[in-house]
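This is query-v9.cif. It holds mmCIF, C-alpha atoms.
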data_structure
loop_
_atom_site.label_atom_id
_atom_site.label_comp_id
_atom_site.auth_asym_id
_atom_site.auth_seq_id
_atom_site.Cartn_x
_atom_site.Cartn_y
_atom_site.Cartn_z
CA MET N 8 40.24 36.73 75.05
CA ALA N 9 38.56 40.07 75.57
CA ASP N 10 35.32 40.63 73.69
CA GLN N 11 35.17 43.46 71.19
CA GLN N 12 32.12 45.20 69.82
CA GLN N 13 32.60 44.34 66.15
CA VAL N 14 34.32 42.12 63.64
CA ILE N 15 37.73 43.22 62.35
CA LEU N 16 38.24 42.49 58.64
CA PHE N 17 41.80 42.38 57.34
CA ASP N 18 41.88 43.54 53.73
CA LEU N 19 44.40 44.66 51.11
CA PRO N 20 44.60 48.39 50.40
CA SER N 21 44.64 49.88 46.92
CA GLN N 22 46.41 52.89 45.54
CA PRO N 23 44.74 56.11 46.73
CA PRO N 24 41.89 56.58 47.20
CA CYS N 25 42.02 53.34 49.18
CA LYS N 26 39.20 50.95 48.27
CA ALA N 27 38.70 47.20 48.57
CA TRP N 28 39.71 45.41 45.38
CA SER N 29 40.80 41.84 46.07
CA LEU N 30 38.50 38.96 45.13
CA ASN N 31 38.54 36.83 48.28
CA PRO N 32 38.22 39.66 50.83
CA TRP N 33 35.27 40.98 48.81
CA LYS N 34 33.44 37.68 49.44
CA THR N 35 33.75 38.32 53.18
CA ARG N 36 32.99 42.04 52.91
CA LEU N 37 29.83 41.34 50.92
CA LEU N 38 28.69 38.78 53.49
CA LEU N 39 29.31 41.21 56.37
CA ASN N 40 27.37 43.89 54.51
CA PHE N 41 24.55 41.51 53.59
CA LYS N 42 24.13 40.42 57.20
CA ASN N 43 24.57 44.01 58.45
CA ILE N 44 27.28 42.85 60.86
CA PRO N 45 29.18 45.71 62.55
CA TYR N 46 32.81 45.62 61.40
CA LYS N 47 35.82 47.75 60.67
CA THR N 48 38.59 47.22 58.15
CA GLU N 49 42.25 46.92 59.05
CA TRP N 50 44.28 47.41 55.88
CA LEU N 51 47.41 45.28 55.50
CA GLU N 52 50.02 45.60 52.76
CA TYR N 53 51.30 42.23 51.52
CA PRO N 54 54.60 42.25 53.48
CA ASP N 55 52.71 43.08 56.69
CA ILE N 56 50.25 40.15 56.56
CA ALA N 57 52.46 37.43 58.08
CA PRO N 58 53.92 39.61 60.89
CA ARG N 59 50.43 40.75 61.88
CA LEU N 60 48.71 37.34 61.72
CA SER N 61 51.42 34.81 62.65
CA PRO N 62 51.18 35.37 66.43
CA HIS N 63 47.49 34.40 66.24
CA LEU N 64 47.20 31.74 63.52
CA PRO N 65 49.10 28.66 62.34
CA PRO N 66 50.35 28.72 58.74
CA ASN N 67 47.73 27.72 56.18
CA GLU N 68 47.66 24.39 54.36
CA GLU N 69 50.34 25.47 51.89
CA GLY N 70 52.74 25.49 54.82
CA SER N 71 53.90 29.04 55.34
CA ALA N 72 51.64 31.69 53.87
CA TYR N 73 49.15 33.79 55.81
CA THR N 74 46.25 34.99 53.74
CA ILE N 75 43.64 37.69 53.38
CA PRO N 76 40.78 37.67 54.20
CA THR N 77 41.20 37.02 57.88
CA VAL N 78 38.78 38.30 60.50
CA ILE N 79 38.84 38.74 64.25
CA LEU N 80 35.48 37.74 65.67
CA PRO N 81 34.00 39.65 68.63
CA SER N 82 35.30 36.85 70.91
CA GLY N 83 38.87 37.69 69.82
CA LYS N 84 39.20 34.54 67.71
CA TYR N 85 41.11 34.88 64.43
CA VAL N 86 39.57 33.06 61.46
CA THR N 87 41.05 32.85 57.96
CA ASP N 88 39.82 31.64 54.52
CA SER N 89 36.68 33.20 53.05
CA LYS N 90 34.68 29.95 53.10
CA VAL N 91 35.53 29.15 56.72
CA ILE N 92 34.81 32.75 57.68
CA ALA N 93 31.40 32.50 55.97
CA GLU N 94 30.51 29.38 57.95
CA GLN N 95 31.50 30.99 61.25
CA LEU N 96 29.66 34.24 60.51
CA GLN N 97 26.55 32.27 59.55
CA ALA N 98 26.69 30.44 62.88
CA LEU N 99 27.20 33.62 64.90
CA TYR N 100 24.79 35.80 62.91
CA PRO N 101 22.08 33.47 61.54
CA THR N 102 19.77 36.31 60.43
CA PRO N 103 19.40 37.16 57.63
CA HIS N 104 20.09 33.63 56.48
CA ILE N 105 22.10 32.98 53.34
CA ASP N 106 22.51 29.55 51.76
CA LEU N 107 26.22 28.70 51.79
CA ALA N 108 25.76 25.32 50.13
CA SER N 109 23.29 25.77 47.29
CA PRO N 110 23.84 23.64 44.16
CA TYR N 111 25.19 26.80 42.51
CA GLN N 112 27.90 27.10 45.13
CA ALA N 113 29.25 23.66 44.26
CA LYS N 114 29.22 24.55 40.56
CA MET N 115 31.00 27.86 41.18
CA GLU N 116 33.63 26.07 43.26
CA GLU N 117 34.36 23.99 40.15
CA LEU N 118 34.38 26.92 37.73
CA MET N 119 36.23 29.60 39.69
CA PRO N 120 39.62 27.81 39.89
CA GLN N 121 39.45 27.13 36.14
CA LEU N 122 38.65 30.76 35.46
CA MET N 123 41.35 32.17 37.72
CA LYS N 124 44.01 29.88 36.28
CA SER N 125 43.09 30.79 32.69
CA PHE N 126 42.92 34.48 33.59
CA ARG N 127 46.36 34.72 35.23
CA PRO N 128 48.20 36.24 32.23
CA VAL N 129 45.86 39.24 32.44
CA TYR N 130 45.50 39.88 36.15
CA LEU N 131 48.93 38.90 37.50
CA PRO N 132 50.76 41.68 35.58
CA LEU N 133 47.90 44.18 35.93
CA ILE N 134 47.38 44.12 39.70
CA PRO N 135 50.74 45.65 40.71
CA LYS N 136 50.43 48.36 38.09
CA SER N 137 46.83 49.39 38.63
CA LEU N 138 46.11 48.51 42.27
CA LEU N 139 49.08 47.86 44.56
CA ASN N 140 50.92 50.45 46.58
CA GLU N 141 54.68 50.70 46.34
CA LYS N 142 55.22 48.71 49.56
CA SER N 143 53.42 45.63 48.16
CA ARG N 144 54.75 45.58 44.60
CA PRO N 145 58.13 43.87 45.24
CA TYR N 146 56.37 41.19 47.31
CA TRP N 147 53.89 40.56 44.47
CA TYR N 148 56.55 40.33 41.77
CA ASP N 149 58.76 38.06 43.90
CA THR N 150 56.09 35.60 45.10
CA ARG N 151 54.17 35.40 41.81
CA GLY N 152 57.38 35.18 39.80
CA LYS N 153 58.49 32.18 41.89
CA LEU N 154 55.08 30.59 41.42
CA LEU N 155 55.28 31.03 37.64
CA GLY N 156 58.98 30.25 37.30
CA MET N 157 59.45 33.46 35.28
CA GLU N 158 59.00 37.21 35.51
CA VAL N 159 55.36 38.22 35.90
CA ASP N 160 55.43 40.70 33.00
CA ASP N 161 57.13 38.17 30.71
CA PHE N 162 54.42 35.66 31.59
CA GLY N 163 51.74 38.20 30.64
CA ARG N 164 53.43 39.09 27.34
CA GLU N 165 53.91 35.46 26.32
CA ASN N 166 50.49 34.17 27.37
CA GLY N 167 48.12 37.14 27.38
CA GLY N 168 45.82 38.64 24.79
CA GLU N 169 43.64 36.30 22.75
CA LYS N 170 45.51 33.29 24.14
CA THR N 171 44.10 34.10 27.56
CA TRP N 172 40.66 35.31 26.52
CA GLY N 173 40.13 32.25 24.34
CA LYS N 174 40.58 30.05 27.44
CA VAL N 175 38.52 32.33 29.68
CA GLU N 176 35.53 32.56 27.33
CA PRO N 177 34.06 29.04 27.70
CA VAL N 178 34.36 29.22 31.49
CA VAL N 179 32.66 32.59 31.84
CA LYS N 180 29.97 31.42 29.38
CA ALA N 181 29.36 28.45 31.69
CA VAL N 182 28.74 30.91 34.55
CA THR N 183 26.34 32.84 32.31
CA ALA N 184 24.44 29.62 31.57
CA LEU N 185 24.06 28.95 35.30
CA MET N 186 22.77 32.47 35.89
CA LYS N 187 20.19 32.11 33.13
CA GLU N 188 18.71 28.94 34.62
CA ASN N 189 16.47 31.20 36.72
CA PRO N 190 15.25 33.83 34.24
CA ASN N 191 13.48 35.82 36.97
CA GLY N 192 16.92 36.80 38.34
CA PRO N 193 18.98 38.76 39.03
CA PHE N 194 20.53 36.11 41.29
CA PHE N 195 21.46 32.47 40.66
CA GLU N 196 18.29 31.34 42.43
CA GLY N 197 16.09 34.11 41.08
CA LYS N 198 15.13 36.70 43.70
CA GLN N 199 16.89 34.94 46.61
CA VAL N 200 20.51 35.81 47.34
CA VAL N 201 22.79 32.82 47.95
CA TYR N 202 26.49 32.78 48.73
CA ALA N 203 27.31 31.93 45.10
CA ASP N 204 26.00 35.40 44.20
CA LEU N 205 28.50 36.99 46.56
CA VAL N 206 31.32 34.88 45.11
CA TRP N 207 30.53 35.95 41.55
CA GLY N 208 29.78 39.52 42.59
CA ALA N 209 33.20 39.68 44.26
CA PHE N 210 34.81 38.55 41.01
CA LEU N 211 32.96 41.19 38.98
CA ILE N 212 34.05 43.90 41.43
CA PHE N 213 37.63 42.61 41.20
CA LEU N 214 37.43 43.02 37.42
CA LYS N 215 36.08 46.56 37.72
CA ARG N 216 38.86 47.52 40.11
CA MET N 217 41.44 46.42 37.54
CA GLY N 218 39.86 48.72 34.97
CA GLN N 219 36.82 49.17 32.79
CA GLU N 220 38.54 47.65 29.77
CA VAL N 221 39.08 44.30 31.53
CA PHE N 222 35.55 44.31 32.93
CA ASP N 223 34.04 45.07 29.52
CA GLU N 224 36.08 42.36 27.79
CA MET N 225 35.04 39.73 30.34
CA LEU N 226 31.38 40.63 29.94
CA LYS N 227 31.71 40.62 26.16
CA ARG N 228 33.13 37.09 26.38
CA SER N 229 30.34 36.00 28.73
CA GLY N 230 27.76 35.73 25.96
CA ASP N 231 25.22 37.91 27.80
CA LYS N 232 26.61 40.87 29.68
CA ALA N 233 23.16 41.94 30.88
CA VAL N 234 22.84 39.09 33.40
CA HIS N 235 26.14 40.05 35.05
CA GLU N 236 25.27 43.73 35.13
CA ALA N 237 21.90 42.82 36.68
CA LEU N 238 23.63 40.78 39.40
CA LEU N 239 25.88 43.71 40.31
CA GLU N 240 22.88 46.00 40.37
CA GLY N 241 21.04 43.54 42.62
CA LEU N 242 24.00 43.50 45.02
CA GLU N 243 24.46 47.28 44.98
CA LYS N 244 23.31 47.99 48.53
CA TRP N 245 26.01 45.61 49.80
CA THR N 246 28.80 46.77 47.49
CA ASP N 247 28.75 50.47 48.41
CA ARG N 248 30.87 50.07 51.53
CA ASP N 249 34.34 49.55 50.13
CA ASP N 250 36.65 51.96 51.93
CA HIS N 251 36.34 51.35 55.69
#
Can you present the structure in this file as structure tokens?
Amino acid sequence: MADQQQVILFDLPSQPPCKAWSLNPWKTRLLLNFKNIPYKTEWLEYPDIAPRLSPHLPPNEEGSAYTIPTVILPSGKYVTDSKVIAEQLQALYPTPHIDLASPYQAKMEELMPQLMKSFRPVYLPLIPKSLLNEKSRPYWYDTRGKLLGMEVDDFGRENGGEKTWGKVEPVVKAVTALMKENPNGPFFEGKQVVYADLVWGAFLIFLKRMGQEVFDEMLKRSGDKAVHEALLEGLEKWTDRDDH
């Protein structure tokens, strides 16, 4: 494989003006920015992901899907899954170091799936309306509808509102409690950035991309919006690059 000068990050485009929005690619983007690794973004609409990646990668563990984020390392190697990508980037670019396996990471890996499952009636209907381009919308409605066993919008209507937020609230409050264990903040471990900060920062950016109303409601449910706002502020120098 021919060496290239920089990492290629595959990410999902938004409606114009195109900016990164998706949770998992933001974890990788934040890590690239934190480590100041040279990279460029290749935007892929949902129907274009498998044709672009399948010649270079086997299907993922689910059996057929190809996922974003995926990166091409300078060696030409394709790597997929944000956690695996983080491990490989850490090995290739050890400085500045970031702890990928802090105790907070393990706790976030327990909480995030709970949160995302509870939050589905809000974000599944909202993403195609507020973020996706026309080319990706049918793919979203088809794949998510099959996953749910019903139309995405019907799922949102039947399960959204207070039903959703009531389930989300205790989980996001648990994240708040973790963040407040180190009152010197703004990060989980105080002044030191760990990968768990990038994971939660990516989620907060994902909320903001869906709209201020969703972001504000999540922070209201968190029990202490100031700690989440402080985390985003602390990550600001690594969140600015979102469009290339």
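Atom pair atom CA of Met115 of chain N / atom CA of Lys47 of chain N: separated by 28.3 Å.
When you apply the PyMOL selection byres ((chain N and resi 35) around 9) to this structure, what comes back is Leu16, Asn31, Pro32, Trp33, Lys34, Arg36, Leu37, Leu38, Leu39, Asn40, Pro76, Thr77, Val78, Ser89, Lys90, Ile92, Ala93 and Leu205 of chain N.
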What are the centre and edge lengths in Å, to one decimal, of the axis-aligned box around all listed atoms of segment 13-29 of chain N with 6 Å added on each side, as lines of an AutoDock Vina configuration file?
center_x = 39.5
center_y = 49.2
center_z = 55.8
size_x = 25.8
size_y = 26.7
size_z = 32.8
Chain and number of each residue from the PyMOL selection byres ((chain N and resi 50-62) around 9), as a PyMOL selection string: chain N and resi 16-20+48-49+63-66+71-75+77+85+139-140+142-144+146-147+251
Find the spatial neighbours of Phe162 of chain N, counting only C-alpha atoms, within a cut-off of 12 Å - ignore same-chain residues fewer than 6 positions away - and output them as a list of chain:residue names. N:Phe126, N:Arg127, N:Pro128, N:Val129, N:Tyr130, N:Leu131, N:Pro132, N:Leu133, N:Tyr148, N:Arg151, N:Gly152, N:Lys153, N:Leu154, N:Leu155, N:Gly156, N:Gly168, N:Lys170, N:Thr171
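Of the listed residues (N:Thr246, N:Gln22, N:Ser125, N:Gln12), N:Thr246 comes nearest to Gly208 of chain N; the distances count all atoms listed in the file.
Each of N:Val178, N:Leu214, N:Leu238, N:Met157 was compared to Asn191 of chain N using all atoms listed in the file, and N:Leu238 turns out to be the nearest.
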Using the chain letters and residue numbers of this document, give as a PyMOL selection string the residues selected by the PyMOL selection byres ((chain N and resi 194) around 9). chain N and resi 186+189+191-193+195-201+203-204+234+237-238+241-242
For the residues in the current selection, export C-alpha atoms as a short mmCIF file (atom, residue, chain, number, x, y, z; two decimals), in the frame of the given file.
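Resulting contents of again.cif:
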data_model
loop_
_atom_site.label_atom_id
_atom_site.label_comp_id
_atom_site.auth_asym_id
_atom_site.auth_seq_id
_atom_site.Cartn_x
_atom_site.Cartn_y
_atom_site.Cartn_z
CA MET N 186 22.77 32.47 35.89
CA ASN N 189 16.47 31.20 36.72
CA ASN N 191 13.48 35.82 36.97
CA GLY N 192 16.92 36.80 38.34
CA PRO N 193 18.98 38.76 39.03
CA PHE N 195 21.46 32.47 40.66
CA GLU N 196 18.29 31.34 42.43
CA GLY N 197 16.09 34.11 41.08
CA LYS N 198 15.13 36.70 43.70
CA GLN N 199 16.89 34.94 46.61
CA VAL N 200 20.51 35.81 47.34
CA VAL N 201 22.79 32.82 47.95
CA ALA N 203 27.31 31.93 45.10
CA ASP N 204 26.00 35.40 44.20
CA VAL N 234 22.84 39.09 33.40
CA ALA N 237 21.90 42.82 36.68
CA LEU N 238 23.63 40.78 39.40
CA GLY N 241 21.04 43.54 42.62
CA LEU N 242 24.00 43.50 45.02
#
Of N:Val91, N:Val206, N:Ser82, N:Thr183, the one sitting nearest Ala233 of chain N when using all atoms listed in the file is N:Thr183
In Å, how far is it from atom CA of Val14 of chain N to atom CA of Ile79 of chain N? 5.7 Å
Taking all atoms listed in the file into account, which of N:Tyr202, N:Trp172, N:Phe210, N:Tyr46 comes nearest Leu107 of chain N? N:Tyr202
Mind checking which residues fall within 7 Å of Trp28 of chain N, counting all atoms listed in the file, ignoring those fewer than 4 positions away in the same chain, and posting them as a count of residues only? 3
Go through N:Arg164, N:Lys244, N:Lys215, N:His235 and flag the residue nearest Ser29 of chain N, using all atoms listed in the file for the distances. N:Lys215
Select, from N:Lys180, N:Lys136, N:Arg228, N:Lys42, the residue with the minimum atom-to-atom distance to Leu99 of chain N, counting only C-alpha atoms. N:Lys42
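Between atom CA of Lys187 of chain N and atom CA of Gly167 of chain N there is a distance of 29.0 Å.
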